[in-house]
file input-v6.pdb (PDB, C-alpha atoms)
ATOM      1  CA  MET G  20      21.784  27.037-257.763
ATOM      2  CA  ALA G  21      24.961  25.984-255.972
ATOM      3  CA  LEU G  22      23.956  28.048-252.945
ATOM      4  CA  GLY G  23      20.588  26.292-252.887
ATOM      5  CA  ALA G  24      22.236  22.850-252.953
ATOM      6  CA  MET G  25      24.532  23.813-250.077
ATOM      7  CA  ARG G  26      21.590  25.012-248.050
ATOM      8  CA  GLN G  27      19.876  21.682-248.678
ATOM      9  CA  LYS G  28      22.956  19.782-247.443
ATOM     10  CA  LYS G  29      22.961  21.757-244.243
ATOM     11  CA  ALA G  30      19.310  20.927-243.621
ATOM     12  CA  PHE G  31      20.032  17.214-243.844
ATOM     13  CA  THR G  32      19.172  15.303-240.661
ATOM     14  CA  PRO G  33      20.182  11.657-239.945
ATOM     15  CA  VAL G  34      17.606   9.147-241.158
ATOM     16  CA  LYS G  35      15.735   7.389-238.369
ATOM     17  CA  LEU G  36      14.519   3.878-238.867
ATOM     18  CA  GLN G  37      10.744   3.750-238.597
ATOM     19  CA  ILE G  38      10.206   0.593-236.614
ATOM     20  CA  THR G  39       6.677   1.154-235.374
ATOM     21  CA  SER G  40       5.116  -1.021-238.098
ATOM     22  CA  MET G  41       7.726  -3.707-237.480
ATOM     23  CA  MET G  42       6.874  -3.608-233.776
ATOM     24  CA  ASP G  43       3.202  -4.083-234.616
ATOM     25  CA  MET G  44       4.042  -7.097-236.749
ATOM     26  CA  PHE G  45       6.201  -8.621-234.030
ATOM     27  CA  THR G  46       3.501  -8.046-231.428
ATOM     28  CA  ILE G  47       0.966  -9.939-233.564
ATOM     29  CA  ILE G  48       3.428 -12.798-234.156
ATOM     30  CA  LEU G  49       4.257 -12.924-230.458
ATOM     31  CA  ILE G  50       0.607 -13.167-229.431
ATOM     32  CA  PHE G  51      -0.067 -15.887-232.028
ATOM     33  CA  LEU G  52       2.951 -17.886-230.875
ATOM     34  CA  LEU G  53       2.030 -17.481-227.230
ATOM     35  CA  PHE G  54      -1.375 -19.007-227.996
ATOM     36  CA  SER G  55       0.137 -21.961-229.823
ATOM     37  CA  PHE G  56       2.762 -22.532-227.146
ATOM     38  CA  SER G  57       2.808 -26.120-225.984
ATOM     39  CA  ASP G  58       4.691 -27.735-223.140
ATOM     40  CA  GLN G  59       3.577 -31.174-224.302
ATOM     41  CA  PRO G  60       6.255 -33.662-225.392
ATOM     42  CA  GLU G  61       6.609 -33.754-229.143
ATOM     43  CA  ILE G  62       5.337 -36.812-230.988
ATOM     44  CA  THR G  63       7.754 -38.039-233.599
ATOM     45  CA  GLY G  64       7.692 -41.058-235.859
ATOM     46  CA  MET G  65       4.244 -40.522-237.347
ATOM     47  CA  GLU G  66       4.156 -41.573-240.962
ATOM     48  CA  LYS G  67       3.243 -39.118-243.686
ATOM     49  CA  GLY G  68      -0.422 -39.476-244.595
ATOM     50  CA  MET G  69      -1.376 -41.013-241.270
ATOM     51  CA  GLU G  70      -4.637 -39.587-239.930
ATOM     52  CA  LEU G  71      -5.580 -39.647-236.279
ATOM     53  CA  PRO G  72      -9.289 -39.712-235.345
ATOM     54  CA  ASP G  73     -10.999 -36.532-234.141
ATOM     55  CA  SER G  74     -12.272 -36.351-230.603
ATOM     56  CA  ILE G  75     -13.702 -33.951-228.045
ATOM     57  CA  SER G  76     -11.116 -35.085-225.495
ATOM     58  CA  GLU G  77      -9.208 -32.337-223.710
ATOM     59  CA  MET G  78      -6.841 -34.611-221.803
ATOM     60  CA  ASN G  79      -3.126 -34.247-222.403
ATOM     61  CA  HIS G  80      -1.122 -37.339-223.186
ATOM     62  CA  MET G  81       1.710 -38.624-221.019
ATOM     63  CA  ASP G  82       5.326 -38.842-222.005
ATOM     64  CA  THR G  83       5.346 -42.607-222.197
ATOM     65  CA  LEU G  84       6.083 -45.468-224.580
ATOM     66  CA  LYS G  85       4.584 -44.893-228.042
ATOM     67  CA  VAL G  86       3.111 -47.524-230.298
ATOM     68  CA  ILE G  87       2.337 -46.255-233.787
ATOM     69  CA  LEU G  88       0.119 -48.268-236.112
ATOM     70  CA  SER G  89      -0.140 -46.833-239.591
ATOM     71  CA  LYS G  90      -1.419 -48.333-242.846
ATOM     72  CA  GLU G  91       2.083 -49.520-243.677
ATOM     73  CA  THR G  92       4.099 -50.055-240.498
ATOM     74  CA  LEU G  93       3.926 -50.826-236.815
ATOM     75  CA  SER G  94       6.503 -48.978-234.703
ATOM     76  CA  ILE G  95       7.383 -49.052-231.041
ATOM     77  CA  GLY G  96       9.069 -45.853-229.970
ATOM     78  CA  ASP G  97      10.972 -44.748-233.037
ATOM     79  CA  LYS G  98      11.783 -48.295-234.175
ATOM     80  CA  VAL G  99       9.814 -49.976-236.965
ATOM     81  CA  ILE G 100       8.922 -53.460-235.725
ATOM     82  CA  ALA G 101       6.704 -54.906-238.435
ATOM     83  CA  LYS G 102       5.152 -54.090-241.764
ATOM     84  CA  VAL G 103       1.406 -53.922-242.269
ATOM     85  CA  LYS G 104       0.012 -55.413-245.459
ATOM     86  CA  ASN G 105      -3.702 -55.287-246.291
ATOM     87  CA  GLY G 106      -4.579 -54.658-242.664
ATOM     88  CA  GLU G 107      -2.510 -57.608-241.425
ATOM     89  CA  ILE G 108       0.633 -57.222-239.322
ATOM     90  CA  VAL G 109       3.391 -59.232-240.980
ATOM     91  CA  GLY G 110       4.917 -61.753-238.564
ATOM     92  CA  LEU G 111       2.155 -61.511-235.962
ATOM     93  CA  ASN G 112       0.361 -64.809-235.543
ATOM     94  CA  PRO G 113      -3.040 -64.164-233.868
ATOM     95  CA  ILE G 114      -2.951 -67.630-232.277
ATOM     96  CA  ASP G 115       0.546 -67.281-230.854
ATOM     97  CA  LEU G 116       1.046 -63.609-230.033
ATOM     98  CA  LYS G 117       3.882 -64.292-227.591
ATOM     99  CA  SER G 118       6.202 -65.489-230.345
ATOM    100  CA  SER G 119       5.952 -62.221-232.263
ATOM    101  CA  GLU G 120       8.607 -59.531-232.484
ATOM    102  CA  VAL G 121       6.065 -57.004-231.147
ATOM    103  CA  PHE G 122       5.629 -58.955-227.903
ATOM    104  CA  LYS G 123       9.383 -59.391-227.442
ATOM    105  CA  GLU G 124      10.055 -55.703-228.022
ATOM    106  CA  LEU G 125       7.334 -54.593-225.598
ATOM    107  CA  GLU G 126       8.509 -57.053-222.963
ATOM    108  CA  ALA G 127      12.049 -55.715-223.355
ATOM    109  CA  CYS G 128      10.746 -52.157-222.955
ATOM    110  CA  LEU G 129       9.021 -53.121-219.706
ATOM    111  CA  LYS G 130      12.153 -54.843-218.386
ATOM    112  CA  ASN G 131      14.455 -51.981-219.308
ATOM    113  CA  ASN G 132      12.187 -49.259-217.959
ATOM    114  CA  PRO G 133      10.035 -50.638-215.155
ATOM    115  CA  PRO G 134       7.056 -48.386-214.393
ATOM    116  CA  GLU G 135       7.555 -45.870-211.628
ATOM    117  CA  ALA G 136       4.790 -46.560-209.142
ATOM    118  CA  GLU G 137       4.471 -42.926-208.057
ATOM    119  CA  LYS G 138       4.155 -41.564-211.562
ATOM    120  CA  TYR G 139       1.572 -43.995-212.906
ATOM    121  CA  ASN G 140      -1.297 -45.118-210.673
ATOM    122  CA  ASP G 141      -1.294 -48.781-211.537
ATOM    123  CA  ALA G 142       0.360 -49.782-214.775
ATOM    124  CA  ARG G 143       2.215 -47.597-217.218
ATOM    125  CA  PRO G 144       0.017 -46.731-220.196
ATOM    126  CA  ILE G 145       1.032 -46.933-223.815
ATOM    127  CA  LEU G 146       0.439 -43.935-226.037
ATOM    128  CA  PHE G 147      -1.268 -45.566-228.996
ATOM    129  CA  LEU G 148      -1.301 -43.674-232.278
ATOM    130  CA  CYS G 149      -3.392 -45.382-234.892
ATOM    131  CA  ASP G 150      -4.714 -44.464-238.308
ATOM    132  CA  ARG G 151      -8.439 -43.681-238.184
ATOM    133  CA  LYS G 152      -9.252 -46.111-241.018
ATOM    134  CA  MET G 153      -7.584 -49.104-239.366
ATOM    135  CA  SER G 154      -9.904 -52.027-238.659
ATOM    136  CA  PHE G 155     -10.488 -53.256-235.121
ATOM    137  CA  LYS G 156      -9.132 -56.679-236.105
ATOM    138  CA  THR G 157      -5.662 -55.184-236.533
ATOM    139  CA  VAL G 158      -5.972 -52.815-233.567
ATOM    140  CA  ASN G 159      -7.034 -55.702-231.344
ATOM    141  CA  GLN G 160      -3.961 -57.741-232.248
ATOM    142  CA  VAL G 161      -1.703 -54.906-231.124
ATOM    143  CA  THR G 162      -3.613 -54.057-227.926
ATOM    144  CA  LYS G 163      -3.878 -57.727-226.982
ATOM    145  CA  THR G 164      -0.158 -58.299-227.511
ATOM    146  CA  ALA G 165       0.644 -55.185-225.465
ATOM    147  CA  ALA G 166      -1.634 -56.332-222.632
ATOM    148  CA  MET G 167       0.056 -59.734-222.611
ATOM    149  CA  ALA G 168       3.450 -58.041-222.427
ATOM    150  CA  GLY G 169       2.371 -56.079-219.346
ATOM    151  CA  PHE G 170       0.773 -52.951-220.787
ATOM    152  CA  PRO G 171      -3.013 -53.291-220.256
ATOM    153  CA  ASN G 172      -3.628 -49.523-220.169
ATOM    154  CA  PHE G 173      -3.640 -47.266-223.184
ATOM    155  CA  GLN G 174      -3.909 -43.651-224.116
ATOM    156  CA  PHE G 175      -5.441 -43.382-227.555
ATOM    157  CA  ALA G 176      -3.988 -40.353-229.315
ATOM    158  CA  VAL G 177      -6.636 -38.204-230.972
ATOM    159  CA  LEU G 178      -6.828 -34.845-232.653
ATOM    160  CA  ASN G 179      -8.645 -32.183-230.712
ATOM    161  CA  LYS G 180     -11.674 -30.984-232.728
TER
ATOM    162  CA  MET A   7       5.294  33.322-221.777
ATOM    163  CA  SER A   8       4.909  32.656-225.457
ATOM    164  CA  GLY A   9       8.668  31.857-225.703
ATOM    165  CA  LEU A  10       8.377  29.234-222.951
ATOM    166  CA  MET A  11       5.469  27.595-224.716
ATOM    167  CA  ARG A  12       7.413  27.436-227.959
ATOM    168  CA  ARG A  13      10.375  25.823-226.162
ATOM    169  CA  LYS A  14       8.096  23.231-224.561
ATOM    170  CA  THR A  15       6.543  22.314-227.887
ATOM    171  CA  ARG A  16       9.944  21.928-229.510
ATOM    172  CA  GLN A  17      11.158  19.671-226.681
ATOM    173  CA  GLY A  18       8.040  17.475-226.981
ATOM    174  CA  ALA A  19       8.511  17.002-230.717
ATOM    175  CA  ASP A  20      12.085  15.777-230.242
ATOM    176  CA  GLU A  21      11.156  13.059-227.742
ATOM    177  CA  ASP A  22      11.097   9.661-229.450
ATOM    178  CA  LEU A  23      10.570   6.354-227.702
ATOM    179  CA  ASP A  24      13.615   4.111-228.172
ATOM    180  CA  MET A  25      12.111   0.850-229.307
ATOM    181  CA  VAL A  26      15.344  -0.892-230.326
ATOM    182  CA  PRO A  27      15.769  -2.801-226.994
ATOM    183  CA  ILE A  28      12.150  -3.979-227.206
ATOM    184  CA  MET A  29      12.785  -5.151-230.758
ATOM    185  CA  ASN A  30      15.861  -7.029-229.573
ATOM    186  CA  MET A  31      13.819  -8.744-226.887
ATOM    187  CA  PHE A  32      11.168  -9.697-229.446
ATOM    188  CA  LEU A  33      13.822 -11.147-231.723
ATOM    189  CA  VAL A  34      14.950 -13.434-228.889
ATOM    190  CA  ILE A  35      11.439 -14.455-227.784
ATOM    191  CA  VAL A  36      10.035 -15.179-231.263
ATOM    192  CA  PRO A  37      12.499 -17.985-232.222
ATOM    193  CA  PHE A  38      12.075 -19.537-228.774
ATOM    194  CA  LEU A  39       8.283 -19.550-229.097
ATOM    195  CA  LEU A  40       8.514 -20.829-232.661
ATOM    196  CA  MET A  41      10.456 -23.836-231.411
ATOM    197  CA  SER A  42       7.931 -24.677-228.711
ATOM    198  CA  ALA A  43       4.832 -23.913-230.767
ATOM    199  CA  SER A  44       2.519 -26.757-231.610
ATOM    200  CA  PHE A  45       0.097 -26.390-234.479
ATOM    201  CA  ILE A  46      -1.488 -29.847-234.139
ATOM    202  CA  HIS A  47      -3.190 -30.395-230.812
ATOM    203  CA  ILE A  48      -2.882 -34.057-229.951
ATOM    204  CA  LYS A  49      -4.947 -35.166-226.978
ATOM    205  CA  ALA A  50      -5.572 -38.581-225.425
ATOM    206  CA  ILE A  51      -8.378 -40.875-224.292
ATOM    207  CA  ASN A  52      -7.736 -43.420-221.585
ATOM    208  CA  ALA A  53      -8.680 -46.997-222.368
ATOM    209  CA  SER A  54      -7.741 -50.443-221.248
ATOM    210  CA  VAL A  55      -8.084 -54.048-222.261
ATOM    211  CA  PRO A  56      -9.581 -56.713-219.973
ATOM    212  CA  ILE A  57      -7.141 -58.572-217.760
ATOM    213  CA  MET A  58      -7.742 -61.578-215.555
ATOM    214  CA  GLY A  59      -8.496 -60.684-211.949
ATOM    215  CA  GLU A  60     -10.291 -61.970-208.892
ATOM    216  CA  LEU A  61     -14.033 -61.570-208.654
ATOM    217  CA  SER A  62     -15.236 -59.481-205.774
ATOM    218  CA  LYS A  63     -18.780 -59.939-204.578
ATOM    219  CA  SER A  64     -20.316 -57.289-202.441
ATOM    220  CA  GLU A  65     -23.768 -57.000-201.003
ATOM    221  CA  ILE A  66     -25.317 -53.817-202.243
ATOM    222  CA  THR A  67     -28.894 -53.035-201.482
ATOM    223  CA  GLU A  68     -29.198 -49.352-202.324
ATOM    224  CA  LYS A  69     -29.925 -48.633-205.977
ATOM    225  CA  LYS A  70     -27.705 -45.558-205.913
ATOM    226  CA  MET A  71     -24.738 -47.704-204.968
ATOM    227  CA  VAL A  72     -25.349 -50.391-207.588
ATOM    228  CA  LYS A  73     -22.574 -50.506-210.161
ATOM    229  CA  VAL A  74     -23.448 -51.830-213.570
ATOM    230  CA  THR A  75     -21.188 -52.388-216.522
ATOM    231  CA  VAL A  76     -22.535 -51.483-219.927
ATOM    232  CA  ILE A  77     -21.577 -53.761-222.785
ATOM    233  CA  ALA A  78     -21.730 -52.276-226.266
ATOM    234  CA  GLU A  79     -21.271 -54.737-229.095
ATOM    235  CA  ILE A  80     -20.561 -52.812-232.276
ATOM    236  CA  MET A  81     -21.700 -54.788-235.268
ATOM    237  CA  PRO A  82     -22.184 -53.753-238.893
ATOM    238  CA  ASP A  83     -25.980 -53.893-238.426
ATOM    239  CA  GLY A  84     -26.091 -51.896-235.192
ATOM    240  CA  ILE A  85     -24.953 -51.475-231.607
ATOM    241  CA  LEU A  86     -26.235 -54.079-229.189
ATOM    242  CA  LEU A  87     -26.370 -52.702-225.646
ATOM    243  CA  SER A  88     -26.675 -54.824-222.546
ATOM    244  CA  LEU A  89     -25.822 -54.745-218.846
ATOM    245  CA  ASN A  90     -23.740 -56.822-216.517
ATOM    246  CA  SER A  91     -23.872 -56.536-212.749
ATOM    247  CA  ASP A  92     -23.485 -58.682-209.647
ATOM    248  CA  ALA A  93     -26.182 -56.734-207.847
ATOM    249  CA  LEU A  94     -28.957 -57.066-210.450
ATOM    250  CA  GLY A  95     -31.081 -60.028-211.363
ATOM    251  CA  PRO A  96     -31.381 -61.353-214.938
ATOM    252  CA  GLN A  97     -34.819 -59.744-215.363
ATOM    253  CA  ASP A  98     -33.547 -56.298-214.338
ATOM    254  CA  MET A  99     -30.623 -56.596-216.709
ATOM    255  CA  LYS A 100     -32.774 -57.831-219.602
ATOM    256  CA  LYS A 101     -34.870 -54.657-219.363
ATOM    257  CA  TRP A 102     -31.837 -52.671-220.487
ATOM    258  CA  THR A 103     -30.993 -54.788-223.524
ATOM    259  CA  GLU A 104     -31.424 -52.659-226.618
ATOM    260  CA  LYS A 105     -30.230 -52.563-230.190
ATOM    261  CA  ILE A 106     -29.475 -49.295-231.954
ATOM    262  CA  THR A 107     -29.740 -49.786-235.690
ATOM    263  CA  PRO A 108     -27.928 -47.574-238.209
ATOM    264  CA  ASP A 109     -29.803 -44.840-240.070
ATOM    265  CA  ASP A 110     -30.507 -44.639-243.820
ATOM    266  CA  LYS A 111     -26.909 -43.573-244.506
ATOM    267  CA  GLN A 112     -25.663 -46.660-242.661
ATOM    268  CA  GLU A 113     -24.256 -44.527-239.852
ATOM    269  CA  TYR A 114     -24.701 -45.362-236.202
ATOM    270  CA  GLU A 115     -27.171 -43.190-234.309
ATOM    271  CA  TYR A 116     -24.929 -41.751-231.637
ATOM    272  CA  SER A 117     -27.737 -39.601-230.210
ATOM    273  CA  SER A 118     -29.783 -42.715-229.332
ATOM    274  CA  LEU A 119     -26.707 -44.220-227.692
ATOM    275  CA  LYS A 120     -26.195 -41.047-225.665
ATOM    276  CA  ASP A 121     -29.857 -41.066-224.525
ATOM    277  CA  TYR A 122     -29.571 -44.696-223.432
ATOM    278  CA  LEU A 123     -26.371 -44.037-221.468
ATOM    279  CA  ARG A 124     -27.764 -40.902-219.850
ATOM    280  CA  LYS A 125     -30.897 -42.777-218.747
ATOM    281  CA  LEU A 126     -28.774 -45.582-217.339
ATOM    282  CA  LYS A 127     -26.492 -43.156-215.508
ATOM    283  CA  THR A 128     -29.514 -41.488-213.876
ATOM    284  CA  GLU A 129     -30.772 -44.880-212.725
ATOM    285  CA  TYR A 130     -27.403 -46.207-211.527
ATOM    286  CA  PRO A 131     -25.198 -43.157-210.823
ATOM    287  CA  ALA A 132     -22.337 -45.188-209.352
ATOM    288  CA  SER A 133     -21.692 -46.910-212.688
ATOM    289  CA  ASP A 134     -18.728 -45.753-214.715
ATOM    290  CA  THR A 135     -17.549 -48.631-216.894
ATOM    291  CA  LEU A 136     -18.337 -49.395-220.507
ATOM    292  CA  ILE A 137     -17.023 -52.408-222.367
ATOM    293  CA  ILE A 138     -16.837 -51.958-226.121
ATOM    294  CA  ILE A 139     -16.778 -55.133-228.186
ATOM    295  CA  PRO A 140     -16.331 -54.155-231.828
ATOM    296  CA  ALA A 141     -16.626 -56.554-234.742
ATOM    297  CA  GLY A 142     -13.411 -57.143-236.698
ATOM    298  CA  ASP A 143     -14.275 -54.822-239.571
ATOM    299  CA  VAL A 144     -15.313 -51.838-237.443
ATOM    300  CA  VAL A 145     -12.895 -48.967-238.069
ATOM    301  CA  TYR A 146     -10.898 -47.301-235.296
ATOM    302  CA  ASP A 147     -12.595 -43.951-235.953
ATOM    303  CA  THR A 148     -16.021 -45.421-235.057
ATOM    304  CA  ILE A 149     -14.628 -46.791-231.785
ATOM    305  CA  ILE A 150     -13.275 -43.341-230.855
ATOM    306  CA  LYS A 151     -16.634 -41.719-231.698
ATOM    307  CA  ILE A 152     -18.463 -44.180-229.437
ATOM    308  CA  MET A 153     -15.915 -43.555-226.674
ATOM    309  CA  ASP A 154     -16.549 -39.812-227.007
ATOM    310  CA  VAL A 155     -20.307 -40.336-226.710
ATOM    311  CA  ALA A 156     -19.883 -42.647-223.738
ATOM    312  CA  ARG A 157     -17.510 -40.485-221.761
ATOM    313  CA  GLN A 158     -19.343 -37.197-221.556
ATOM    314  CA  SER A 159     -22.756 -35.716-222.245
ATOM    315  CA  GLU A 160     -23.322 -32.249-223.743
ATOM    316  CA  ASP A 161     -23.820 -30.808-220.260
ATOM    317  CA  LYS A 162     -20.294 -32.027-219.316
ATOM    318  CA  ILE A 163     -21.586 -34.801-217.026
ATOM    319  CA  ASN A 164     -19.280 -37.779-216.836
ATOM    320  CA  LEU A 165     -21.225 -40.755-218.113
ATOM    321  CA  PHE A 166     -18.962 -43.781-218.463
ATOM    322  CA  PRO A 167     -15.357 -42.558-218.398
ATOM    323  CA  ASN A 168     -13.792 -46.001-217.890
ATOM    324  CA  VAL A 169     -13.730 -47.620-221.289
ATOM    325  CA  VAL A 170     -12.520 -51.154-221.818
ATOM    326  CA  ILE A 171     -11.996 -52.451-225.340
ATOM    327  CA  SER A 172     -12.254 -56.103-225.950
ATOM    328  CA  GLY A 173     -12.407 -58.492-228.832
ATOM    329  CA  LYS A 174     -15.413 -60.783-228.988
ATOM    330  CA  VAL A 175     -14.869 -63.963-226.993
ATOM    331  CA  THR A 176     -16.159 -66.874-228.995
TER
END
call {"tool": "encode", "arguments": {"input": "input-v6.pdb", "output": "structure tokens"}}
result
Amino acid sequence: MALGAMRQKKAFTPVKLQITSMMDMFTIILIFLLFSFSDQPEITGMEKGMELPDSISEMNHMDTLKVILSKETLSIGDKVIAKVKNGEIVGLNPIDLKSSEVFKELEACLKNNPPEAEKYNDARPILFLCDRKMSFKTVNQVTKTAAMAGFPNFQFAVLNK
Amino acid sequence: MSGLMRRKTRQGADEDLDMVPIMNMFLVIVPFLLMSASFIHIKAINASVPIMGELSKSEITEKKMVKVTVIAEIMPDGILLSLNSDALGPQDMKKWTEKITPDDKQEYEYSSLKDYLRKLKTEYPASDTLIIIPAGDVVYDTIIKIMDVARQSEDKINLFPNVVISGKVT
């Protein structure tokens, strides 16, 4: 019995890690991640529950000033400018858009970062992220104010179908 | 001869590919790709709002060179389509005035809109601008759908890629 155990000990070979299956797994993950690789600038500041409209557009967005209009807030860049209540932007008078905080903020953005003529053909566009259920009345107030502040061109952010 | 064969077989069985360096490389690449992966594909549609500018009048005689601007008024009871052009007379423009009414489910008939725009593009190929005038209660999603229809046909032909969004001037 003891002789048998000794013989077994002698036959012992070092255990090799079987990494073939792990390699397979990593290869699959690598391929999946390579397909979802994106060199596009990340969009931050989108509110939870905000839904962008679907579109067939294949055009990439520019890394430019963002205006985010959700059901609850209106933000420029990462800064919340105004609250939205029942589809109305608080503090934005449709008759006097120039007196609003939105106009002042956009004008300041234009002054601080004047558009680079070579990068943008005519005027710098605004990347506009808006909830799909928002009414045109509210959207129009924002786009009109932006145009008055010197941003007549927009890029409407959409989800690729 | 048989001894040589046995030796060869034994040598072949011992050969194992060392995959540890490859695994190390994978472990470096995977976190990097995870950081730059994007699972939501956000794209963009170009649009603009009307701004005041100088009128330019040009004498165009050839129909192929005539540029017309399509005006689509989106109202709850349908889409009213009309034309605007310096080169066309009022009678020619009136011919193209059309209203697309919603279907039984109260949804706009985008296929009729696409047919209209395709017909217009064939007639005036130089045209590329569409002005959308939505009513106040039209939702943003509907505007995007109409922009999609207006920009490209199924056969990837550019219809009216320049979209201008405007509020109704009263």
call {"tool": "residues_around", "arguments": {"input": "input-v6.pdb", "residues": "Met81 of chain G", "least_positions_apart": "4", "cutoff": "10 Å", "atoms": "only C-alpha atoms", "output": "mmCIF file with C-alpha atoms, in the frame of the given file"}}
result
data_model
loop_
_atom_site.group_PDB
_atom_site.id
_atom_site.type_symbol
_atom_site.label_atom_id
_atom_site.label_comp_id
_atom_site.auth_asym_id
_atom_site.auth_seq_id
_atom_site.Cartn_x
_atom_site.Cartn_y
_atom_site.Cartn_z
ATOM 1 C CA GLN G 59 3.577 -31.174 -224.302
ATOM 2 C CA PRO G 60 6.255 -33.662 -225.392
ATOM 3 C CA LYS G 85 4.584 -44.893 -228.042
ATOM 4 C CA TYR G 139 1.572 -43.995 -212.906
ATOM 5 C CA ARG G 143 2.215 -47.597 -217.218
ATOM 6 C CA PRO G 144 0.017 -46.731 -220.196
ATOM 7 C CA ILE G 145 1.032 -46.933 -223.815
ATOM 8 C CA LEU G 146 0.439 -43.935 -226.037
ATOM 9 C CA GLN G 174 -3.909 -43.651 -224.116
ATOM 10 C CA LYS A 49 -4.947 -35.166 -226.978
ATOM 11 C CA ALA A 50 -5.572 -38.581 -225.425
#
call {"tool": "interface_residues", "arguments": {"input": "input-v6.pdb", "of": "chain G", "to": "chain A", "cutoff": "6 Å", "atoms": "all atoms listed in the file", "output": "list in words"}}
result
Leu52, Ser55, Phe56, Ser57, Pro72, Met78, Asn79, His80, Arg151, Lys152, Met153, Ser154, Phe155, Lys156, Pro171, Asn172, Phe173, Gln174, Phe175, Ala176, Val177, Leu178 and Asn179 of chain G
call {"tool": "resolve_selection", "arguments": {"input": "input-v6.pdb", "expression": "the PyMOL selection byres ((chain G and resi 75) around 8)", "output": "list in words"}}
result
Asp73, Ser74, Ser76, Glu77, Asn179 and Lys180 of chain G; Asp154 of chain A
call {"tool": "residues_near_point", "arguments": {"input": "input-v6.pdb", "point": "(-29.5, -51.4, -233.5)", "cutoff": "9 Å", "atoms": "only C-alpha atoms", "output": "MDAnalysis selection string"}}
result
chainID A and resid 81 83:87 104:108 114:115
call {"tool": "axis_aligned_box", "arguments": {"input": "input-v6.pdb", "around": "segment 80-99 of chain A", "padding_each_side": "3 Å", "output": "lines of an AutoDock Vina configuration file"}}
result
center_x = -27.7
center_y = -56.4
center_z = -223.4
size_x = 20.3
size_y = 15.9
size_z = 37.0
call {"tool": "atom_distance", "arguments": {"input": "input-v6.pdb", "atom1": "atom CA of Ala132 of chain A", "atom2": "atom CA of Ala142 of chain G"}}
result
23.8 Å
call {"tool": "atom_distance", "arguments": {"input": "input-v6.pdb", "atom1": "atom CA of Ser89 of chain G", "atom2": "atom CA of Glu113 of chain A"}}
result
24.2 Å
call {"tool": "atom_distance", "arguments": {"input": "input-v6.pdb", "atom1": "atom CA of Asn105 of chain G", "atom2": "atom CA of Leu71 of chain G"}}
result
18.7 Å
call {"tool": "residues_around", "arguments": {"input": "input-v6.pdb", "residues": "Glu107 of chain G", "least_positions_apart": "4", "cutoff": "9 Å", "atoms": "all atoms listed in the file", "output": "VMD selection string"}}
result
chain G and resid 102 to 103 111 156 to 157
call {"tool": "closest_residue", "arguments": {"input": "input-v6.pdb", "among": "G:Val86, G:Val109, G:Met69, G:Leu93", "to": "Ala165 of chain G", "atoms": "all atoms listed in the file"}}
result
G:Val86
call {"tool": "residues_near_point", "arguments": {"input": "input-v6.pdb", "point": "(2.3, -45.9, -237.2)", "cutoff": "9 Å", "atoms": "only C-alpha atoms", "output": "ChimeraX atom specification"}}
result
/G:64-66,69,86-95,99,147-150
call {"tool": "closest_residue", "arguments": {"input": "input-v6.pdb", "among": "A:Asp22, A:Gln112, A:Ala93, A:Ile163", "to": "Val72 of chain A", "atoms": "only C-alpha atoms"}}
result
A:Ala93
call {"tool": "resolve_selection", "arguments": {"input": "input-v6.pdb", "expression": "the PyMOL selection byres ((chain A and resi 94) around 10)", "output": "list in words"}}
result
Ile66, Thr67, Lys69, Val72, Lys73, Val74, Leu89, Asn90, Ser91, Asp92, Ala93, Gly95, Pro96, Gln97, Asp98, Met99 and Lys100 of chain A
call {"tool": "resolve_selection", "arguments": {"input": "input-v6.pdb", "expression": "the PyMOL selection byres ((chain G and resi 119) around 12)", "output": "MDAnalysis selection string"}}
result
chainID G and resid 100:101 108:118 120:126 160:161 164:165 167:168
call {"tool": "closest_residue", "arguments": {"input": "input-v6.pdb", "among": "G:Thr32, G:Asn159, G:Gln37, G:Thr63", "to": "Leu84 of chain G", "atoms": "all atoms listed in the file"}}
result
G:Thr63
